[in-house]
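*Asks:* Next up, target05.pdb (PDB, C-alpha atoms, pLDDT in the B column).
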ATOM      1  CA  GLY R   1       8.406 -24.385 -16.049  1.00 40.00           C
ATOM      2  CA  SER R   2       7.823 -20.654 -16.476  1.00 44.00           C
ATOM      3  CA  ALA R   3       8.673 -18.225 -13.698  1.00 46.00           C
ATOM      4  CA  PRO R   4       5.724 -17.295 -11.464  1.00 50.00           C
ATOM      5  CA  ALA R   5       3.998 -13.968 -12.093  1.00 50.00           C
ATOM      6  CA  GLY R   6       5.854 -11.124 -10.448  1.00 51.00           C
ATOM      7  CA  HIS R   7       9.085 -13.111 -10.396  1.00 78.00           C
ATOM      8  CA  ALA R   8      10.845 -10.751 -12.809  1.00 88.00           C
ATOM      9  CA  GLY R   9       9.683  -7.799 -10.718  1.00 91.00           C
ATOM     10  CA  LEU R  10      10.976  -9.479  -7.570  1.00 93.00           C
ATOM     11  CA  ALA R  11      14.349 -10.208  -9.181  1.00 93.00           C
ATOM     12  CA  ARG R  12      14.520  -6.542 -10.224  1.00 93.00           C
ATOM     13  CA  LEU R  13      13.653  -5.379  -6.700  1.00 95.00           C
ATOM     14  CA  ASN R  14      16.250  -7.726  -5.200  1.00 96.00           C
ATOM     15  CA  GLY R  15      18.895  -6.377  -7.587  1.00 95.00           C
ATOM     16  CA  LEU R  16      18.358  -2.649  -7.055  1.00 96.00           C
ATOM     17  CA  PRO R  17      21.070  -0.560  -5.384  1.00 97.00           C
ATOM     18  CA  PHE R  18      20.266  -0.180  -1.680  1.00 98.00           C
ATOM     19  CA  LEU R  19      19.238   3.499  -1.774  1.00 97.00           C
ATOM     20  CA  VAL R  20      17.039   2.986  -4.834  1.00 96.00           C
ATOM     21  CA  ALA R  21      15.321   0.010  -3.198  1.00 97.00           C
ATOM     22  CA  GLU R  22      14.889   1.962   0.031  1.00 97.00           C
ATOM     23  CA  ALA R  23      13.298   4.865  -1.896  1.00 96.00           C
ATOM     24  CA  ALA R  24      10.961   2.431  -3.696  1.00 95.00           C
ATOM     25  CA  PHE R  25       9.924   0.889  -0.373  1.00 97.00           C
ATOM     26  CA  LEU R  26       9.427   4.358   1.117  1.00 96.00           C
ATOM     27  CA  GLU R  27       6.723   4.888  -1.535  1.00 94.00           C
ATOM     28  CA  CYS R  28       4.938   1.814  -0.109  1.00 95.00           C
ATOM     29  CA  CYS R  29       5.108   2.945   3.516  1.00 96.00           C
ATOM     30  CA  GLY R  30       6.396   6.317   4.706  1.00 96.00           C
ATOM     31  CA  SER R  31       8.343   4.965   7.694  1.00 97.00           C
ATOM     32  CA  ARG R  32      12.085   5.278   7.034  1.00 97.00           C
ATOM     33  CA  ARG R  33      12.767   2.464   9.514  1.00 96.00           C
ATOM     34  CA  TRP R  34      10.351   0.147   7.673  1.00 97.00           C
ATOM     35  CA  ALA R  35      11.786   1.029   4.229  1.00 98.00           C
ATOM     36  CA  HIS R  36      15.372   0.612   5.459  1.00 98.00           C
ATOM     37  CA  ARG R  37      14.585  -2.792   6.932  1.00 97.00           C
ATOM     38  CA  MET R  38      12.765  -3.948   3.783  1.00 98.00           C
ATOM     39  CA  ALA R  39      15.711  -2.891   1.585  1.00 98.00           C
ATOM     40  CA  ALA R  40      18.262  -4.422   3.979  1.00 98.00           C
ATOM     41  CA  HIS R  41      16.557  -7.821   4.119  1.00 97.00           C
ATOM     42  CA  ARG R  42      16.816  -8.444   0.379  1.00 97.00           C
ATOM     43  CA  PRO R  43      17.107 -10.702  -1.517  1.00 97.00           C
ATOM     44  CA  TYR R  44      13.618 -12.132  -1.001  1.00 96.00           C
ATOM     45  CA  PRO R  45      13.369 -15.705  -2.329  1.00 95.00           C
ATOM     46  CA  ASP R  46       9.727 -15.333  -3.381  1.00 93.00           C
ATOM     47  CA  LEU R  47       6.725 -13.022  -3.153  1.00 92.00           C
ATOM     48  CA  GLY R  48       5.398 -14.792  -0.042  1.00 93.00           C
ATOM     49  CA  ALA R  49       8.644 -14.001   1.775  1.00 96.00           C
ATOM     50  CA  LEU R  50       8.460 -10.380   0.602  1.00 96.00           C
ATOM     51  CA  TRP R  51       4.890  -9.942   1.904  1.00 93.00           C
ATOM     52  CA  ALA R  52       5.687 -11.728   5.172  1.00 95.00           C
ATOM     53  CA  ALA R  53       8.669  -9.397   5.685  1.00 97.00           C
ATOM     54  CA  SER R  54       6.449  -6.397   4.947  1.00 96.00           C
ATOM     55  CA  ASP R  55       3.883  -7.468   7.548  1.00 95.00           C
ATOM     56  CA  GLU R  56       6.555  -8.321  10.102  1.00 95.00           C
ATOM     57  CA  ALA R  57       8.305  -4.973   9.652  1.00 95.00           C
ATOM     58  CA  GLY R  58       4.881  -3.319   9.978  1.00 94.00           C
ATOM     59  CA  TYR R  59       4.140  -5.089  13.270  1.00 93.00           C
ATOM     60  CA  ASP R  60       7.461  -3.850  14.645  1.00 92.00           C
ATOM     61  CA  LEU R  61       6.815  -0.163  13.997  1.00 93.00           C
ATOM     62  CA  ALA R  62       7.078   2.057  17.057  1.00 92.00           C
ATOM     63  CA  PRO R  63       4.472   4.816  17.562  1.00 90.00           C
ATOM     64  CA  SER R  64       6.970   7.354  16.168  1.00 93.00           C
ATOM     65  CA  ASP R  65       7.448   5.201  13.015  1.00 95.00           C
ATOM     66  CA  ILE R  66       3.684   4.974  12.571  1.00 94.00           C
ATOM     67  CA  ALA R  67       3.392   8.757  13.002  1.00 92.00           C
ATOM     68  CA  GLU R  68       6.072   9.214  10.326  1.00 95.00           C
ATOM     69  CA  ALA R  69       4.250   6.819   7.958  1.00 95.00           C
ATOM     70  CA  LEU R  70       0.940   8.591   8.594  1.00 93.00           C
ATOM     71  CA  ALA R  71       2.468  11.997   7.874  1.00 91.00           C
ATOM     72  CA  ALA R  72       3.500  10.683   4.435  1.00 91.00           C
ATOM     73  CA  GLU R  73       0.039   9.324   3.602  1.00 88.00           C
ATOM     74  CA  PRO R  74      -2.104  11.426   1.325  1.00 77.00           C
ATOM     75  CA  ALA R  75      -5.690  11.602   2.557  1.00 67.00           C
ATOM     76  CA  PRO R  76      -7.864   9.328   0.368  1.00 64.00           C
ATOM     77  CA  CYS R  77      -9.228  11.702  -2.221  1.00 67.00           C
ATOM     78  CA  LEU R  78     -12.002  11.694  -4.760  1.00 69.00           C
ATOM     79  CA  HIS R  79     -11.851  11.776  -8.493  1.00 70.00           C
ATOM     80  CA  HIS R  80     -12.268  15.406  -9.556  1.00 71.00           C
ATOM     81  CA  ASP R  81     -15.532  14.441 -11.336  1.00 76.00           C
ATOM     82  CA  ALA R  82     -17.177  13.426  -8.046  1.00 75.00           C
ATOM     83  CA  PRO R  83     -20.100  15.623  -6.969  1.00 82.00           C
ATOM     84  CA  ARG R  84     -19.220  18.704  -4.933  1.00 84.00           C
ATOM     85  CA  ALA R  85     -21.356  17.405  -2.041  1.00 86.00           C
ATOM     86  CA  ALA R  86     -19.199  14.274  -1.857  1.00 82.00           C
ATOM     87  CA  HIS R  87     -16.020  16.378  -1.741  1.00 80.00           C
ATOM     88  CA  LEU R  88     -17.474  18.529   1.040  1.00 88.00           C
ATOM     89  CA  ALA R  89     -18.710  15.519   3.042  1.00 88.00           C
ATOM     90  CA  LEU R  90     -15.314  13.857   2.735  1.00 88.00           C
ATOM     91  CA  ARG R  91     -13.444  17.019   3.730  1.00 89.00           C
ATOM     92  CA  ALA R  92     -15.679  17.460   6.807  1.00 92.00           C
ATOM     93  CA  ALA R  93     -15.261  13.792   7.794  1.00 93.00           C
ATOM     94  CA  HIS R  94     -11.464  13.978   7.418  1.00 92.00           C
ATOM     95  CA  ALA R  95     -11.376  17.157   9.515  1.00 93.00           C
ATOM     96  CA  ALA R  96     -13.439  15.521  12.280  1.00 95.00           C
ATOM     97  CA  TYR R  97     -11.173  12.475  12.240  1.00 96.00           C
ATOM     98  CA  GLU R  98      -7.954  14.508  12.314  1.00 94.00           C
ATOM     99  CA  SER R  99      -9.160  16.687  15.170  1.00 96.00           C
ATOM    100  CA  ARG R 100     -10.059  13.572  17.179  1.00 96.00           C
ATOM    101  CA  PHE R 101      -6.946  11.473  16.488  1.00 95.00           C
ATOM    102  CA  GLY R 102      -4.339  14.022  15.381  1.00 92.00           C
ATOM    103  CA  HIS R 103      -3.422  12.352  12.077  1.00 91.00           C
ATOM    104  CA  SER R 104      -4.892  11.687   8.664  1.00 89.00           C
ATOM    105  CA  PHE R 105      -7.360   8.854   8.133  1.00 93.00           C
ATOM    106  CA  VAL R 106      -5.893   5.870   6.277  1.00 93.00           C
ATOM    107  CA  ILE R 107      -7.775   3.009   4.720  1.00 93.00           C
ATOM    108  CA  CYS R 108      -6.864   0.301   2.221  1.00 92.00           C
ATOM    109  CA  LEU R 109      -9.542   0.270  -0.486  1.00 90.00           C
ATOM    110  CA  ASP R 110      -8.231  -2.678  -2.532  1.00 88.00           C
ATOM    111  CA  ALA R 111     -11.364  -4.729  -1.990  1.00 87.00           C
ATOM    112  CA  PHE R 112     -13.648  -2.057  -3.458  1.00 88.00           C
ATOM    113  CA  GLN R 113     -14.405  -0.659  -6.893  1.00 87.00           C
ATOM    114  CA  PRO R 114     -13.483   3.031  -7.368  1.00 83.00           C
ATOM    115  CA  ALA R 115     -17.210   3.889  -7.464  1.00 83.00           C
ATOM    116  CA  GLN R 116     -17.530   2.585  -3.877  1.00 86.00           C
ATOM    117  CA  HIS R 117     -14.519   4.446  -2.477  1.00 84.00           C
ATOM    118  CA  VAL R 118     -16.362   7.554  -1.233  1.00 84.00           C
ATOM    119  CA  ASP R 119     -18.974   5.503   0.616  1.00 87.00           C
ATOM    120  CA  GLN R 120     -16.318   3.203   2.069  1.00 90.00           C
ATOM    121  CA  VAL R 121     -14.184   6.114   3.292  1.00 90.00           C
ATOM    122  CA  LEU R 122     -17.161   7.952   4.809  1.00 92.00           C
ATOM    123  CA  ALA R 123     -18.477   4.775   6.447  1.00 93.00           C
ATOM    124  CA  GLY R 124     -14.975   3.940   7.670  1.00 95.00           C
ATOM    125  CA  ILE R 125     -14.472   7.366   9.220  1.00 95.00           C
ATOM    126  CA  ARG R 126     -17.910   7.227  10.869  1.00 95.00           C
ATOM    127  CA  VAL R 127     -17.159   3.864  12.495  1.00 96.00           C
ATOM    128  CA  ARG R 128     -13.612   4.751  13.447  1.00 97.00           C
ATOM    129  CA  LEU R 129     -14.611   8.057  15.076  1.00 97.00           C
ATOM    130  CA  THR R 130     -16.345   5.894  17.715  1.00 97.00           C
ATOM    131  CA  HIS R 131     -13.046   4.171  18.622  1.00 97.00           C
ATOM    132  CA  ASP R 132     -10.997   5.122  21.616  1.00 96.00           C
ATOM    133  CA  PRO R 133      -7.421   6.199  20.736  1.00 95.00           C
ATOM    134  CA  ASP R 134      -5.834   2.801  21.541  1.00 94.00           C
ATOM    135  CA  GLU R 135      -8.380   0.952  19.446  1.00 96.00           C
ATOM    136  CA  GLU R 136      -7.892   3.374  16.562  1.00 96.00           C
ATOM    137  CA  ARG R 137      -4.088   3.101  16.788  1.00 93.00           C
ATOM    138  CA  ALA R 138      -4.390  -0.659  16.234  1.00 94.00           C
ATOM    139  CA  VAL R 139      -6.782  -0.227  13.283  1.00 96.00           C
ATOM    140  CA  THR R 140      -4.590   2.473  11.730  1.00 95.00           C
ATOM    141  CA  ALA R 141      -1.465   0.289  12.024  1.00 94.00           C
ATOM    142  CA  GLU R 142      -3.330  -2.594  10.341  1.00 95.00           C
ATOM    143  CA  GLU R 143      -4.489  -0.339   7.482  1.00 95.00           C
ATOM    144  CA  LEU R 144      -0.896   0.883   7.001  1.00 95.00           C
ATOM    145  CA  ARG R 145       0.274  -2.765   6.770  1.00 95.00           C
ATOM    146  CA  ARG R 146      -2.447  -3.531   4.222  1.00 95.00           C
ATOM    147  CA  LEU R 147      -1.535  -0.442   2.174  1.00 94.00           C
ATOM    148  CA  ALA R 148       2.169  -1.350   2.250  1.00 96.00           C
ATOM    149  CA  ARG R 149       1.443  -4.907   1.065  1.00 94.00           C
ATOM    150  CA  SER R 150      -0.832  -3.634  -1.699  1.00 94.00           C
ATOM    151  CA  ARG R 151       1.774  -1.111  -2.889  1.00 94.00           C
ATOM    152  CA  ILE R 152       4.531  -3.747  -2.826  1.00 94.00           C
ATOM    153  CA  MET R 153       2.357  -5.907  -5.101  1.00 92.00           C
ATOM    154  CA  GLU R 154       2.079  -2.966  -7.489  1.00 91.00           C
ATOM    155  CA  LEU R 155       5.836  -2.383  -7.233  1.00 91.00           C
ATOM    156  CA  VAL R 156       6.797  -5.921  -8.247  1.00 91.00           C
ATOM    157  CA  ALA R 157       4.064  -6.059 -10.911  1.00 89.00           C
ATOM    158  CA  ALA R 158       5.127  -2.743 -12.456  1.00 80.00           C
ATOM    159  CA  GLU R 159       6.970  -2.466 -15.728  1.00 67.00           C
ATOM    160  CA  PRO R 160      10.743  -2.029 -15.345  1.00 63.00           C
ATOM    161  CA  TRP R 161      11.501   1.448 -14.032  1.00 51.00           C
TER     162      TRP R 161
END
What's the C-alpha cells form of this structure?
*Replies:*
Amino acid sequence: GSAPAGHAGLARLNGLPFLVAEAAFLECCGSRRWAHRMAAHRPYPDLGALWAASDEAGYDLAPSDIAEALAAEPAPCLHHDAPRAAHLALRAAHAAYESRFGHSFVICLDAFQPAQHVDQVLAGIRVRLTHDPDEERAVTAEELRRLARSRIMELVAAEPW
C-alpha cells in the first residue's frame, strides 16, 4: 500500500542531522530541553509516536523550561488589515495579562478560522485573567503542548526544506 500522509516528512525529520532536527523542534516549542529531547529520541516509527513524545516531553517541562518556551512565543497578533480598535483592545488585553502573570499569553487557535482569532484571544484572556497563578500555569503549559503538536504537524507536512 501507499505510505501514510506525512510519512515522507517523518522520514525526513528522522534523518536530519541532530543539530538541524533540534533547531526545527525549537521552532515548535522554545524550550531547549524539550527540543533536545525530541531530537534525541528519533527515529519515531510513526506520527502517533512523534505526537506522544511531544506531549510527554511537554508534561515533563520544569517551570524554568516553560518560562524559556514562553519567552520564545510571539504574542498572538492580528492581520495588519484588522481594525485599529481590535489592535488596541488586543494590546490592552495582552498588557493586562502580562502584568498579572509575568509572561505573554499563549493560545492554540487551530480549531478556529482566522476571522475568529481576535474574539478567541480576547475571550481567552478575559477568562484566564480570572485564574489564580497555579491554575493559569497549568492552562499555559497545556496550550504550549497543543501549539508544539500543531507545529510538529506542520513540520512533517511541509515541503522538503
*Asks:* Give me, as CSV, the closest atom pair and its distance (Å, one decimal) for every residue of range 80-147 of chain R within a cut-off of 10 Å of range 44-58 of chain R, counting only C-alpha atoms, rows sorted by chain and rising number.
*Replies:*
residue,atom,partner,partner_atom,distance
R:Ala141,CA,R:Gly58,CA,7.6
R:Glu142,CA,R:Gly58,CA,8.3
R:Leu144,CA,R:Gly58,CA,7.7
R:Arg145,CA,R:Gly58,CA,5.6
R:Arg146,CA,R:Asp55,CA,8.2
*Asks:* Mind giving me the straight-line distance from CA of Gly30 in chain R to CA of Arg137 in chain R in Å, one decimal?
*Replies:*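 Separating CA of Gly30 in chain R from CA of Arg137 in chain R is a distance of 16.3 Å.
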*Asks:* Quick one: residues within 9 Å of (-5.0, 5.7, 7.5) (file frame), counting all atoms listed in the file, please, as a list in words.
*Replies:*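 Residues found, by chain and rising number: Leu70, Glu73, Pro74, Ala75, Pro76, His103, Ser104, Phe105, Val106, Ile107, Cys108, Val139, Thr140, Ala141, Glu142, Glu143, Leu144 and Leu147 of chain R.
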*Asks:* Find the distance between CA of His94 in chain R and CA of Phe112 in chain R and write it in Å to one decimal.
*Replies:* 19.5 Å
*Asks:* Please provide as a list of chain:residue names all residues within 8 Å of Asp65 in chain R, with the sequence filter that same-chain residues fewer than 5 positions apart are discarded (counting all atoms listed in the file).
*Replies:*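 The residues satisfying every condition are R:Ser31, R:Arg32, R:Arg33, R:Trp34.
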*Asks:* Could you work out how far CA of Asp134 in chain R lies from CA of Val118 in chain R, giving the answer in Å with one decimal?
*Replies:*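 These two atoms are separated by 25.5 Å.
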*Asks:* At a cut-off of 9 Å, using only C-alpha atoms, what residues contact Pro133 in chain R? Leave out same-chain residues fewer than 3 positions from it and give the result as a PDB file with C-alpha atoms, keeping the file's coordinate frame.
*Replies:*
ATOM      1  CA  ARG R 100     -10.059  13.572  17.179  1.00 96.00           C
ATOM      2  CA  PHE R 101      -6.946  11.473  16.488  1.00 95.00           C
ATOM      3  CA  GLU R 136      -7.892   3.374  16.562  1.00 96.00           C
ATOM      4  CA  ARG R 137      -4.088   3.101  16.788  1.00 93.00           C
ATOM      5  CA  ALA R 138      -4.390  -0.659  16.234  1.00 94.00           C
TER       6      ALA R 138
END
*Asks:* Produce the centre coordinates and the three edge lengths, each in Å to one decimal, of the box along x, y and z that contains all listed atoms of range 60-77 of chain R with 5 Å added on each side, as JSON.
*Replies:*
{"center_x": -0.9, "center_y": 4.1, "center_z": 7.7, "size_x": 26.7, "size_y": 25.8, "size_z": 29.8}
*Asks:* Point out the residue among R:Asp119, R:Arg37, R:Asp110, R:Tyr97 with the least atom-to-atom distance to His131 in chain R, counting only C-alpha atoms.
*Replies:*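 Closest to His131 in chain R of all the choices is R:Tyr97.
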*Asks:* Counting all atoms listed in the file, figure out which residue out of R:Ala111, R:Met153, R:Ala96, R:Ala35 gets nearest to His7 in chain R.
*Replies:*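 For His7 in chain R, the nearest of the candidates is R:Met153.
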*Asks:* Spell out the residues picked by the PyMOL selection byres ((chain R and resi 39) around 9) here, as a list in words.
*Replies:*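 The output of the PyMOL selection byres ((chain R and resi 39) around 9) on this file is Leu13, Asn14, Phe18, Leu19, Val20, Ala21, Glu22, Ala23, Ala24, Phe25, Trp34, Ala35, His36, Arg37, Met38, Ala40, His41, Arg42 and Pro43 of chain R.
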